[in-house]
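**Student:** The structure that follows is given in the form of structure tokens.
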Amino acid sequence: MRTFVALLLAIGLLPRPASAQQGSAYLPLGAWEMPYVEHLIRAGIIRDPDPLTRPLRRADVLSAVRAADTSEAPRSIRATVRKLDRALSPKHDGPVVGLHFYAGPSAGTFARRDPLREDGNKYVSWQTGMEIWTAMGPLSMSSEPFFDRRLRFDPDYPGDKTQPFAFRFTNAYVSLEPKYAQVAYGSVDRNWGPPGIEGLVLSSSPYSYDHFYLRLGVPHFRVESVIGQLDDLPGAAGTLQHRWWSAHRFVFKIWPWMTGVLGQGTLWRRDGPTGATWFLNPTRLAVFSREDDQLADSANTVVSGDLWLRLPSGVVVQAQGLIDDLSLFHTKTAPNRLAGTLLVDVPVGKTAGVRALWTVVSSITYRTFEGPVTYWARHGIGLARNFDDYSQWTLSATMMPAPHTVVTPELTLLLQGEGDLRKPTPELPIPKYPFLLVGTTERTVRLGFAGRTQIAKQLDVSGNAGLHFIANRGNVAGASDTRLVGALTVNYRFGGEFKAP
């Protein structure tokens, strides 16, 4: 382990030319700027700084905002672009420190972050947090302590729920960016794949956790790796097993209108990450390593592919596919498990964007015969998708009717089978187990609405509401329900950026 850390630090501290790029902190997925950035991308106002990748770097978003042509855009768009420019522009030359505070009330009929699969008690809460970040040459750091009573009721939150106000660090990392590389360690939400939907290999479904991140390459070709430790779980003999996982991908941007990705992920149980170095090699498929070196079957592997394609008139098509435990030989111990996402964004009149989304995860994706010790999950929450055995269709739009205001109506159909990634793969003959929608299918139709606005420059109001028509609720035949759900958060922000001493 120490050898691995030393290697990462050595890469990060390599001498760099004076002309090399300045380090830049991430713009977190939950940052107040991100709903406006995503809308401007979907509406075709700004280019996507890094397709199929979130979070974005602050500097990359600023470059995209400054390159936007808003000469024919309505006032709401122009005002929002100017606001983002002011918010993201460095206030000082050289090293800078950003310090921001926020606080406010929140309430909801459910505590889970995903409104489509609402769960957890209703709550009234008060949240407060602080974000401090810095950029000093190739170095950037961020730390965001956060208090929120809602966490006590969220079934997906793995922390201590006995305290009156649950506390966590939403982002806490150190990043070095020499030329042609980025090396980081810490906790930050990441999503690999089309934005707005959880990635199939790596996503922000679990709350952020510590991991190593390595990125090598140039803008048109790069390799990325994420390596992290998961929670210990008992193996077949009942003794605790250390669990680790890694995800690698190659990103190709041969033309400005197309980005392609080839990726893989592996979850294994060993004494440490260097106890299975063959899974740390991004240039070799882990499934071949297992067969080639006759390794014990103690890992859960997936392979994936992504495509981002910009068509004429600004239409963007994004797709992602996954195969779980690819079988290479005629004798199969389990079926190939599949998952996929197809997303189409259509800009409308420089003010709106319409999105059509379809995604499916087959019935035993992310699962193995060995049980929880090799599940694609951390503390029982999926590392990528948090559910399997479902298909989803969504039609949505984003609109900006006023400056600093984004609204998103949506219509969603969700079909959920009884398959559960937290259960072992069934001991059934392969042809007899359903590929999708096992048992009684729960059907949810959601008429939803989400929005975000800024009042008096520093007061953020965000929320969502939905009417859910549910048939066979809980996969119980005939158990129908109609539910009105919603959540609202108000935050007052203040702070600034300062020249580092």
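Chain labels run A, B, ... following the order of the structure tokens; each chain numbers its residues from 1, and ligands are numbered from 1 in the order shown.
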Check the DSSP output for the backbone and give back, as an MDAnalysis selection string, the residues of region 55-168 of chain A in helix (DSSP H, G or I).
**Tutor:** chainID A and resid 58:66 75:88 149:153
**Student:** May I have the residues within 8 Å of region 213-226 of chain A as a VMD selection string, using only C-alpha atoms and disregarding those fewer than 3 positions away in the same chain?
**Tutor:** chain A and resid 8 180 to 185 246 to 254 282
**Student:** Pull the strand (DSSP E or B) assignments for region 332-491 of chain A out of DSSP run on the backbone, and list those residues as a PDB file with N, CA and C atoms, in the first residue's frame.
**Tutor:**
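So the final result, stored in out.pdb, reads:
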ATOM      1  N   ARG A 337     -24.795 -10.464 -17.344  1.00  0.00           N
ATOM      2  CA  ARG A 337     -25.771  -9.499 -16.862  1.00  0.00           C
ATOM      3  C   ARG A 337     -25.533  -8.177 -17.559  1.00  0.00           C
ATOM      4  N   LEU A 338     -26.611  -7.547 -18.002  1.00  0.00           N
ATOM      5  CA  LEU A 338     -26.497  -6.372 -18.855  1.00  0.00           C
ATOM      6  C   LEU A 338     -27.190  -5.178 -18.226  1.00  0.00           C
ATOM      7  N   ALA A 339     -26.706  -3.988 -18.570  1.00  0.00           N
ATOM      8  CA  ALA A 339     -27.358  -2.746 -18.200  1.00  0.00           C
ATOM      9  C   ALA A 339     -27.043  -1.721 -19.287  1.00  0.00           C
ATOM     10  N   GLY A 340     -27.931  -0.771 -19.467  1.00  0.00           N
ATOM     11  CA  GLY A 340     -27.705   0.220 -20.513  1.00  0.00           C
ATOM     12  C   GLY A 340     -28.499   1.497 -20.276  1.00  0.00           C
ATOM     13  N   THR A 341     -28.016   2.571 -20.879  1.00  0.00           N
ATOM     14  CA  THR A 341     -28.679   3.872 -20.821  1.00  0.00           C
ATOM     15  C   THR A 341     -28.592   4.521 -22.185  1.00  0.00           C
ATOM     16  N   LEU A 342     -29.688   5.108 -22.633  1.00  0.00           N
ATOM     17  CA  LEU A 342     -29.720   5.891 -23.861  1.00  0.00           C
ATOM     18  C   LEU A 342     -30.403   7.214 -23.551  1.00  0.00           C
ATOM     19  N   LEU A 343     -29.751   8.308 -23.901  1.00  0.00           N
ATOM     20  CA  LEU A 343     -30.235   9.641 -23.547  1.00  0.00           C
ATOM     21  C   LEU A 343     -30.088  10.554 -24.750  1.00  0.00           C
ATOM     22  N   VAL A 344     -31.133  11.312 -25.050  1.00  0.00           N
ATOM     23  CA  VAL A 344     -31.115  12.261 -26.171  1.00  0.00           C
ATOM     24  C   VAL A 344     -31.529  13.633 -25.655  1.00  0.00           C
ATOM     25  N   ASP A 345     -30.676  14.642 -25.862  1.00  0.00           N
ATOM     26  CA  ASP A 345     -30.969  16.025 -25.491  1.00  0.00           C
ATOM     27  C   ASP A 345     -31.195  16.845 -26.754  1.00  0.00           C
ATOM     28  N   VAL A 346     -32.302  17.580 -26.779  1.00  0.00           N
ATOM     29  CA  VAL A 346     -32.642  18.412 -27.936  1.00  0.00           C
ATOM     30  C   VAL A 346     -32.808  19.851 -27.463  1.00  0.00           C
ATOM     31  N   PRO A 347     -31.927  20.781 -27.876  1.00  0.00           N
ATOM     32  CA  PRO A 347     -32.106  22.189 -27.497  1.00  0.00           C
ATOM     33  C   PRO A 347     -33.273  22.806 -28.239  1.00  0.00           C
ATOM     34  N   VAL A 348     -33.994  23.676 -27.563  1.00  0.00           N
ATOM     35  CA  VAL A 348     -35.171  24.314 -28.147  1.00  0.00           C
ATOM     36  C   VAL A 348     -35.041  25.827 -27.998  1.00  0.00           C
ATOM     37  N   ALA A 352     -34.468  26.428 -23.828  1.00  0.00           N
ATOM     38  CA  ALA A 352     -34.910  25.195 -23.172  1.00  0.00           C
ATOM     39  C   ALA A 352     -34.177  24.000 -23.764  1.00  0.00           C
ATOM     40  N   GLY A 353     -34.254  22.912 -23.055  1.00  0.00           N
ATOM     41  CA  GLY A 353     -33.722  21.651 -23.535  1.00  0.00           C
ATOM     42  C   GLY A 353     -34.691  20.534 -23.201  1.00  0.00           C
ATOM     43  N   VAL A 354     -34.967  19.672 -24.159  1.00  0.00           N
ATOM     44  CA  VAL A 354     -35.860  18.525 -23.961  1.00  0.00           C
ATOM     45  C   VAL A 354     -35.012  17.264 -23.935  1.00  0.00           C
ATOM     46  N   ARG A 355     -35.297  16.380 -22.980  1.00  0.00           N
ATOM     47  CA  ARG A 355     -34.507  15.161 -22.811  1.00  0.00           C
ATOM     48  C   ARG A 355     -35.416  13.942 -22.832  1.00  0.00           C
ATOM     49  N   ALA A 356     -35.006  12.929 -23.587  1.00  0.00           N
ATOM     50  CA  ALA A 356     -35.638  11.608 -23.554  1.00  0.00           C
ATOM     51  C   ALA A 356     -34.617  10.618 -23.008  1.00  0.00           C
ATOM     52  N   LEU A 357     -35.015   9.834 -22.017  1.00  0.00           N
ATOM     53  CA  LEU A 357     -34.097   8.926 -21.339  1.00  0.00           C
ATOM     54  C   LEU A 357     -34.722   7.546 -21.237  1.00  0.00           C
ATOM     55  N   TRP A 358     -33.919   6.537 -21.527  1.00  0.00           N
ATOM     56  CA  TRP A 358     -34.306   5.149 -21.271  1.00  0.00           C
ATOM     57  C   TRP A 358     -33.122   4.442 -20.635  1.00  0.00           C
ATOM     58  N   THR A 359     -33.379   3.722 -19.562  1.00  0.00           N
ATOM     59  CA  THR A 359     -32.316   2.958 -18.923  1.00  0.00           C
ATOM     60  C   THR A 359     -32.882   1.645 -18.416  1.00  0.00           C
ATOM     61  N   VAL A 360     -32.046   0.614 -18.407  1.00  0.00           N
ATOM     62  CA  VAL A 360     -32.473  -0.713 -17.975  1.00  0.00           C
ATOM     63  C   VAL A 360     -31.312  -1.388 -17.263  1.00  0.00           C
ATOM     64  N   VAL A 361     -31.613  -2.136 -16.207  1.00  0.00           N
ATOM     65  CA  VAL A 361     -30.620  -2.944 -15.492  1.00  0.00           C
ATOM     66  C   VAL A 361     -31.236  -4.320 -15.310  1.00  0.00           C
ATOM     67  N   ALA A 377     -21.383  -2.886  -4.000  1.00  0.00           N
ATOM     68  CA  ALA A 377     -22.046  -1.986  -3.073  1.00  0.00           C
ATOM     69  C   ALA A 377     -21.093  -1.610  -1.945  1.00  0.00           C
ATOM     70  N   ARG A 378     -21.399  -0.502  -1.291  1.00  0.00           N
ATOM     71  CA  ARG A 378     -20.671  -0.036  -0.106  1.00  0.00           C
ATOM     72  C   ARG A 378     -21.700   0.270   0.977  1.00  0.00           C
ATOM     73  N   ILE A 381     -25.219   0.123  -0.199  1.00  0.00           N
ATOM     74  CA  ILE A 381     -25.662   1.078  -1.221  1.00  0.00           C
ATOM     75  C   ILE A 381     -24.808   0.881  -2.464  1.00  0.00           C
ATOM     76  N   GLY A 382     -25.443   0.753  -3.625  1.00  0.00           N
ATOM     77  CA  GLY A 382     -24.732   0.463  -4.853  1.00  0.00           C
ATOM     78  C   GLY A 382     -23.665   1.489  -5.182  1.00  0.00           C
ATOM     79  N   TYR A 390     -34.812  -3.445 -13.240  1.00  0.00           N
ATOM     80  CA  TYR A 390     -35.804  -2.401 -13.540  1.00  0.00           C
ATOM     81  C   TYR A 390     -35.536  -1.778 -14.902  1.00  0.00           C
ATOM     82  N   SER A 391     -36.559  -1.139 -15.422  1.00  0.00           N
ATOM     83  CA  SER A 391     -36.421  -0.308 -16.618  1.00  0.00           C
ATOM     84  C   SER A 391     -37.147   1.007 -16.350  1.00  0.00           C
ATOM     85  N   GLN A 392     -36.637   2.068 -16.948  1.00  0.00           N
ATOM     86  CA  GLN A 392     -37.167   3.408 -16.693  1.00  0.00           C
ATOM     87  C   GLN A 392     -37.185   4.214 -17.980  1.00  0.00           C
ATOM     88  N   TRP A 393     -38.303   4.901 -18.200  1.00  0.00           N
ATOM     89  CA  TRP A 393     -38.438   5.842 -19.306  1.00  0.00           C
ATOM     90  C   TRP A 393     -38.776   7.216 -18.722  1.00  0.00           C
ATOM     91  N   THR A 394     -38.057   8.249 -19.147  1.00  0.00           N
ATOM     92  CA  THR A 394     -38.294   9.598 -18.640  1.00  0.00           C
ATOM     93  C   THR A 394     -38.279  10.592 -19.781  1.00  0.00           C
ATOM     94  N   LEU A 395     -39.261  11.483 -19.794  1.00  0.00           N
ATOM     95  CA  LEU A 395     -39.290  12.614 -20.705  1.00  0.00           C
ATOM     96  C   LEU A 395     -39.297  13.874 -19.844  1.00  0.00           C
ATOM     97  N   SER A 396     -38.314  14.741 -20.037  1.00  0.00           N
ATOM     98  CA  SER A 396     -38.200  15.927 -19.190  1.00  0.00           C
ATOM     99  C   SER A 396     -37.758  17.118 -20.030  1.00  0.00           C
ATOM    100  N   ALA A 397     -37.817  18.277 -19.411  1.00  0.00           N
ATOM    101  CA  ALA A 397     -37.372  19.513 -20.061  1.00  0.00           C
ATOM    102  C   ALA A 397     -36.768  20.415 -19.002  1.00  0.00           C
ATOM    103  N   THR A 398     -35.805  21.228 -19.390  1.00  0.00           N
ATOM    104  CA  THR A 398     -35.304  22.286 -18.518  1.00  0.00           C
ATOM    105  C   THR A 398     -35.572  23.619 -19.196  1.00  0.00           C
ATOM    106  N   MET A 399     -36.043  24.572 -18.415  1.00  0.00           N
ATOM    107  CA  MET A 399     -36.375  25.900 -18.942  1.00  0.00           C
ATOM    108  C   MET A 399     -35.854  26.955 -17.981  1.00  0.00           C
ATOM    109  N   MET A 400     -35.571  28.135 -18.527  1.00  0.00           N
ATOM    110  CA  MET A 400     -35.082  29.248 -17.731  1.00  0.00           C
ATOM    111  C   MET A 400     -35.995  30.446 -17.974  1.00  0.00           C
ATOM    112  N   PRO A 401     -37.129  30.515 -17.280  1.00  0.00           N
ATOM    113  CA  PRO A 401     -38.096  31.583 -17.531  1.00  0.00           C
ATOM    114  C   PRO A 401     -37.660  32.947 -17.024  1.00  0.00           C
ATOM    115  N   ALA A 402     -36.697  32.967 -16.103  1.00  0.00           N
ATOM    116  CA  ALA A 402     -36.221  34.221 -15.528  1.00  0.00           C
ATOM    117  C   ALA A 402     -34.749  34.058 -15.198  1.00  0.00           C
ATOM    118  N   THR A 405     -32.995  31.213 -12.690  1.00  0.00           N
ATOM    119  CA  THR A 405     -34.116  30.340 -12.361  1.00  0.00           C
ATOM    120  C   THR A 405     -34.192  29.206 -13.372  1.00  0.00           C
ATOM    121  N   VAL A 406     -34.202  27.961 -12.890  1.00  0.00           N
ATOM    122  CA  VAL A 406     -34.324  26.783 -13.744  1.00  0.00           C
ATOM    123  C   VAL A 406     -35.484  25.942 -13.232  1.00  0.00           C
ATOM    124  N   VAL A 407     -36.359  25.520 -14.138  1.00  0.00           N
ATOM    125  CA  VAL A 407     -37.454  24.624 -13.783  1.00  0.00           C
ATOM    126  C   VAL A 407     -37.388  23.397 -14.682  1.00  0.00           C
ATOM    127  N   THR A 408     -37.761  22.249 -14.123  1.00  0.00           N
ATOM    128  CA  THR A 408     -37.644  20.979 -14.844  1.00  0.00           C
ATOM    129  C   THR A 408     -38.889  20.138 -14.621  1.00  0.00           C
ATOM    130  N   PRO A 409     -39.852  20.161 -15.528  1.00  0.00           N
ATOM    131  CA  PRO A 409     -40.966  19.209 -15.452  1.00  0.00           C
ATOM    132  C   PRO A 409     -40.529  17.855 -16.015  1.00  0.00           C
ATOM    133  N   GLU A 410     -41.167  16.783 -15.522  1.00  0.00           N
ATOM    134  CA  GLU A 410     -40.797  15.452 -16.017  1.00  0.00           C
ATOM    135  C   GLU A 410     -41.973  14.506 -15.952  1.00  0.00           C
ATOM    136  N   LEU A 411     -41.928  13.510 -16.814  1.00  0.00           N
ATOM    137  CA  LEU A 411     -42.866  12.394 -16.816  1.00  0.00           C
ATOM    138  C   LEU A 411     -42.039  11.121 -16.864  1.00  0.00           C
ATOM    139  N   THR A 412     -42.228  10.242 -15.866  1.00  0.00           N
ATOM    140  CA  THR A 412     -41.407   9.038 -15.753  1.00  0.00           C
ATOM    141  C   THR A 412     -42.285   7.812 -15.563  1.00  0.00           C
ATOM    142  N   LEU A 413     -41.898   6.728 -16.230  1.00  0.00           N
ATOM    143  CA  LEU A 413     -42.471   5.404 -15.999  1.00  0.00           C
ATOM    144  C   LEU A 413     -41.368   4.497 -15.502  1.00  0.00           C
ATOM    145  N   LEU A 414     -41.549   3.904 -14.319  1.00  0.00           N
ATOM    146  CA  LEU A 414     -40.565   2.999 -13.722  1.00  0.00           C
ATOM    147  C   LEU A 414     -41.206   1.644 -13.505  1.00  0.00           C
ATOM    148  N   LEU A 415     -40.579   0.612 -14.048  1.00  0.00           N
ATOM    149  CA  LEU A 415     -40.998  -0.774 -13.835  1.00  0.00           C
ATOM    150  C   LEU A 415     -39.925  -1.462 -13.006  1.00  0.00           C
ATOM    151  N   GLN A 416     -40.280  -1.911 -11.795  1.00  0.00           N
ATOM    152  CA  GLN A 416     -39.318  -2.500 -10.867  1.00  0.00           C
ATOM    153  C   GLN A 416     -39.721  -3.929 -10.521  1.00  0.00           C
ATOM    154  N   GLU A 442     -43.607  -3.864  -9.814  1.00  0.00           N
ATOM    155  CA  GLU A 442     -44.137  -2.603  -9.309  1.00  0.00           C
ATOM    156  C   GLU A 442     -44.045  -1.558 -10.421  1.00  0.00           C
ATOM    157  N   ARG A 443     -45.142  -0.842 -10.657  1.00  0.00           N
ATOM    158  CA  ARG A 443     -45.166   0.171 -11.721  1.00  0.00           C
ATOM    159  C   ARG A 443     -45.424   1.538 -11.095  1.00  0.00           C
ATOM    160  N   THR A 444     -44.525   2.493 -11.375  1.00  0.00           N
ATOM    161  CA  THR A 444     -44.667   3.855 -10.866  1.00  0.00           C
ATOM    162  C   THR A 444     -44.713   4.829 -12.022  1.00  0.00           C
ATOM    163  N   VAL A 445     -45.733   5.661 -12.042  1.00  0.00           N
ATOM    164  CA  VAL A 445     -45.805   6.784 -12.980  1.00  0.00           C
ATOM    165  C   VAL A 445     -45.632   8.057 -12.156  1.00  0.00           C
ATOM    166  N   ARG A 446     -44.634   8.839 -12.501  1.00  0.00           N
ATOM    167  CA  ARG A 446     -44.347  10.071 -11.766  1.00  0.00           C
ATOM    168  C   ARG A 446     -44.600  11.279 -12.647  1.00  0.00           C
ATOM    169  N   LEU A 447     -45.438  12.180 -12.184  1.00  0.00           N
ATOM    170  CA  LEU A 447     -45.570  13.509 -12.764  1.00  0.00           C
ATOM    171  C   LEU A 447     -44.805  14.443 -11.836  1.00  0.00           C
ATOM    172  N   GLY A 448     -43.647  14.897 -12.267  1.00  0.00           N
ATOM    173  CA  GLY A 448     -42.760  15.596 -11.357  1.00  0.00           C
ATOM    174  C   GLY A 448     -42.378  16.981 -11.834  1.00  0.00           C
ATOM    175  N   PHE A 449     -41.855  17.737 -10.889  1.00  0.00           N
ATOM    176  CA  PHE A 449     -41.429  19.101 -11.163  1.00  0.00           C
ATOM    177  C   PHE A 449     -40.297  19.434 -10.198  1.00  0.00           C
ATOM    178  N   ALA A 450     -39.200  19.972 -10.712  1.00  0.00           N
ATOM    179  CA  ALA A 450     -38.091  20.418  -9.876  1.00  0.00           C
ATOM    180  C   ALA A 450     -37.699  21.823 -10.301  1.00  0.00           C
ATOM    181  N   GLY A 451     -37.131  22.564  -9.395  1.00  0.00           N
ATOM    182  CA  GLY A 451     -36.751  23.927  -9.725  1.00  0.00           C
ATOM    183  C   GLY A 451     -35.702  24.472  -8.785  1.00  0.00           C
ATOM    184  N   ARG A 452     -35.038  25.509  -9.245  1.00  0.00           N
ATOM    185  CA  ARG A 452     -34.058  26.222  -8.428  1.00  0.00           C
ATOM    186  C   ARG A 452     -34.051  27.677  -8.847  1.00  0.00           C
ATOM    187  N   THR A 453     -33.959  28.561  -7.856  1.00  0.00           N
ATOM    188  CA  THR A 453     -33.905  29.990  -8.148  1.00  0.00           C
ATOM    189  C   THR A 453     -33.070  30.683  -7.102  1.00  0.00           C
ATOM    190  N   GLN A 454     -32.602  31.876  -7.460  1.00  0.00           N
ATOM    191  CA  GLN A 454     -31.853  32.700  -6.523  1.00  0.00           C
ATOM    192  C   GLN A 454     -32.627  33.981  -6.280  1.00  0.00           C
ATOM    193  N   ILE A 455     -32.733  34.334  -5.010  1.00  0.00           N
ATOM    194  CA  ILE A 455     -33.437  35.542  -4.598  1.00  0.00           C
ATOM    195  C   ILE A 455     -32.435  36.435  -3.883  1.00  0.00           C
ATOM    196  N   LEU A 459     -29.611  34.115  -1.780  1.00  0.00           N
ATOM    197  CA  LEU A 459     -30.608  33.227  -1.196  1.00  0.00           C
ATOM    198  C   LEU A 459     -31.040  32.214  -2.248  1.00  0.00           C
ATOM    199  N   ASP A 460     -30.705  30.948  -2.010  1.00  0.00           N
ATOM    200  CA  ASP A 460     -31.037  29.870  -2.947  1.00  0.00           C
ATOM    201  C   ASP A 460     -32.267  29.128  -2.454  1.00  0.00           C
ATOM    202  N   VAL A 461     -33.201  28.890  -3.368  1.00  0.00           N
ATOM    203  CA  VAL A 461     -34.386  28.092  -3.073  1.00  0.00           C
ATOM    204  C   VAL A 461     -34.449  26.962  -4.094  1.00  0.00           C
ATOM    205  N   SER A 462     -34.480  25.728  -3.627  1.00  0.00           N
ATOM    206  CA  SER A 462     -34.549  24.583  -4.532  1.00  0.00           C
ATOM    207  C   SER A 462     -35.527  23.561  -3.985  1.00  0.00           C
ATOM    208  N   GLY A 463     -36.122  22.805  -4.873  1.00  0.00           N
ATOM    209  CA  GLY A 463     -37.063  21.803  -4.409  1.00  0.00           C
ATOM    210  C   GLY A 463     -37.595  20.960  -5.542  1.00  0.00           C
ATOM    211  N   ASN A 464     -38.392  19.975  -5.179  1.00  0.00           N
ATOM    212  CA  ASN A 464     -39.048  19.128  -6.164  1.00  0.00           C
ATOM    213  C   ASN A 464     -40.374  18.670  -5.593  1.00  0.00           C
ATOM    214  N   ALA A 465     -41.276  18.351  -6.485  1.00  0.00           N
ATOM    215  CA  ALA A 465     -42.584  17.822  -6.097  1.00  0.00           C
ATOM    216  C   ALA A 465     -43.015  16.806  -7.142  1.00  0.00           C
ATOM    217  N   GLY A 466     -43.800  15.844  -6.720  1.00  0.00           N
ATOM    218  CA  GLY A 466     -44.233  14.837  -7.662  1.00  0.00           C
ATOM    219  C   GLY A 466     -45.497  14.144  -7.202  1.00  0.00           C
ATOM    220  N   LEU A 467     -46.278  13.718  -8.189  1.00  0.00           N
ATOM    221  CA  LEU A 467     -47.459  12.903  -7.945  1.00  0.00           C
ATOM    222  C   LEU A 467     -47.147  11.507  -8.470  1.00  0.00           C
ATOM    223  N   HIS A 468     -47.123  10.517  -7.574  1.00  0.00           N
ATOM    224  CA  HIS A 468     -46.744   9.159  -7.920  1.00  0.00           C
ATOM    225  C   HIS A 468     -47.983   8.262  -7.935  1.00  0.00           C
ATOM    226  N   PHE A 469     -48.199   7.633  -9.067  1.00  0.00           N
ATOM    227  CA  PHE A 469     -49.257   6.634  -9.196  1.00  0.00           C
ATOM    228  C   PHE A 469     -48.567   5.264  -9.201  1.00  0.00           C
ATOM    229  N   ILE A 470     -48.766   4.483  -8.151  1.00  0.00           N
ATOM    230  CA  ILE A 470     -48.002   3.249  -7.945  1.00  0.00           C
ATOM    231  C   ILE A 470     -48.945   2.055  -7.966  1.00  0.00           C
ATOM    232  N   ALA A 471     -48.648   1.117  -8.837  1.00  0.00           N
ATOM    233  CA  ALA A 471     -49.387  -0.146  -8.891  1.00  0.00           C
ATOM    234  C   ALA A 471     -48.484  -1.259  -8.371  1.00  0.00           C
ATOM    235  N   ASP A 481     -51.329   2.595  -4.874  1.00  0.00           N
ATOM    236  CA  ASP A 481     -51.189   3.769  -4.022  1.00  0.00           C
ATOM    237  C   ASP A 481     -50.991   4.994  -4.902  1.00  0.00           C
ATOM    238  N   THR A 482     -51.453   6.131  -4.407  1.00  0.00           N
ATOM    239  CA  THR A 482     -51.191   7.417  -5.042  1.00  0.00           C
ATOM    240  C   THR A 482     -50.576   8.318  -3.976  1.00  0.00           C
ATOM    241  N   ARG A 483     -49.416   8.879  -4.264  1.00  0.00           N
ATOM    242  CA  ARG A 483     -48.685   9.637  -3.262  1.00  0.00           C
ATOM    243  C   ARG A 483     -48.262  10.987  -3.820  1.00  0.00           C
ATOM    244  N   LEU A 484     -48.415  12.016  -3.000  1.00  0.00           N
ATOM    245  CA  LEU A 484     -47.894  13.342  -3.322  1.00  0.00           C
ATOM    246  C   LEU A 484     -46.640  13.539  -2.488  1.00  0.00           C
ATOM    247  N   VAL A 485     -45.503  13.714  -3.148  1.00  0.00           N
ATOM    248  CA  VAL A 485     -44.222  13.813  -2.451  1.00  0.00           C
ATOM    249  C   VAL A 485     -43.540  15.121  -2.824  1.00  0.00           C
ATOM    250  N   GLY A 486     -42.663  15.575  -1.953  1.00  0.00           N
ATOM    251  CA  GLY A 486     -41.946  16.806  -2.245  1.00  0.00           C
ATOM    252  C   GLY A 486     -40.887  17.104  -1.208  1.00  0.00           C
ATOM    253  N   ALA A 487     -39.968  17.989  -1.570  1.00  0.00           N
ATOM    254  CA  ALA A 487     -38.910  18.436  -0.669  1.00  0.00           C
ATOM    255  C   ALA A 487     -38.539  19.861  -1.045  1.00  0.00           C
ATOM    256  N   LEU A 488     -38.129  20.651  -0.043  1.00  0.00           N
ATOM    257  CA  LEU A 488     -37.794  22.060  -0.258  1.00  0.00           C
ATOM    258  C   LEU A 488     -36.605  22.419   0.620  1.00  0.00           C
ATOM    259  N   THR A 489     -35.649  23.155   0.034  1.00  0.00           N
ATOM    260  CA  THR A 489     -34.469  23.603   0.769  1.00  0.00           C
ATOM    261  C   THR A 489     -34.230  25.079   0.479  1.00  0.00           C
ATOM    262  N   VAL A 490     -33.936  25.831   1.526  1.00  0.00           N
ATOM    263  CA  VAL A 490     -33.596  27.249   1.399  1.00  0.00           C
ATOM    264  C   VAL A 490     -32.224  27.450   2.035  1.00  0.00           C
ATOM    265  N   ASN A 491     -31.331  28.110   1.314  1.00  0.00           N
ATOM    266  CA  ASN A 491     -29.986  28.352   1.824  1.00  0.00           C
ATOM    267  C   ASN A 491     -29.586  29.801   1.608  1.00  0.00           C
TER     268      ASN A 491
END
**Student:** Which residues, written as a PyMOL selection string, have at least one atom at most 12 Å from Met34 (chain A), with only C-alpha atoms counted and residues fewer than 2 positions away on the same chain left out?
**Tutor:** chain A and resi 26-32+36-41+54-58+61+80+84+87-88+195-196+404+406+452
**Student:** Would you pick out the contacts of Pro155 (chain A) at 12 Å or less, using only C-alpha atoms, so that residues sharing its chain but fewer than 4 positions from it are not included, and give the list as number ranges by chain?
**Tutor:** A: 110-114, 117-121, 150-151, 159-161, 206-207, 379-381, 386
**Student:** Got time to write the residues from that selection, C-alpha atoms, as a CSV table (one decimal), in the first residue's frame?
**Tutor:**
chain,number,residue,atom,x,y,z
A,110,PHE,CA,-39.2,11.8,2.3
A,111,ALA,CA,-35.5,11.8,3.4
A,112,ARG,CA,-33.9,9.8,0.5
A,113,ARG,CA,-32.1,12.0,-2.1
A,114,ASP,CA,-33.8,10.2,-5.0
A,117,ARG,CA,-37.7,6.1,-5.2
A,118,GLU,CA,-38.8,8.2,-2.2
A,119,ASP,CA,-38.2,6.6,1.2
A,120,GLY,CA,-37.5,7.5,4.8
A,121,ASN,CA,-39.5,9.6,7.2
A,150,ARG,CA,-32.3,15.0,7.3
A,151,LEU,CA,-29.4,12.5,7.2
A,159,GLY,CA,-23.2,7.2,9.2
A,160,ASP,CA,-24.2,7.6,12.8
A,161,LYS,CA,-27.9,8.5,12.9
A,206,PRO,CA,-23.5,6.2,-2.3
A,207,TYR,CA,-22.5,9.2,-0.2
A,379,HIS,CA,-22.5,-0.2,3.2
A,380,GLY,CA,-25.4,-1.8,1.3
A,381,ILE,CA,-25.7,1.1,-1.2
A,386,ASN,CA,-28.6,1.3,-6.2
**Student:** Can you work out which one of A:Thr128, A:Glu72, A:Met136, A:Ser208 has the shortest atom-to-atom distance to Asp93 (chain A), counting only C-alpha atoms?
**Tutor:**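 Closest to Asp93 (chain A), using only C-alpha atoms: A:Met136.
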**Student:** Measuring atom to atom with only C-alpha atoms, identify which of A:Pro403, A:Trp278, A:Ser203, A:Tyr123 is nearest to Val81 (chain A).
**Tutor:**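 For Val81 (chain A), the nearest of the given residues is A:Pro403.
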**Student:** In Å to one decimal, how far is CA of Ser125 (chain A) from CA of Arg149 (chain A)?
**Tutor:**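 Separation between CA of Arg149 (chain A) and CA of Ser125 (chain A): 5.4 Å.
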**Student:** Which is closer to Gln318 (chain A) than all the others in A:Pro501, A:Pro74, A:Pro51, A:Gly44, using only C-alpha atoms?
**Tutor:**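 Distance minimum relative to Gln318 (chain A) lands on A:Pro51.
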**Student:** When you look at Pro138 (chain A) with a cut-off of 6 Å (counting only C-alpha atoms), what residues show up, excluding the ones that are within fewer than 5 positions of it in the same chain? I need them as a list in words.
**Tutor:**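 Near neighbours after the sequence-gap exclusion: Gln22, Gly23, Leu176, Glu177 and Pro178 of chain A.
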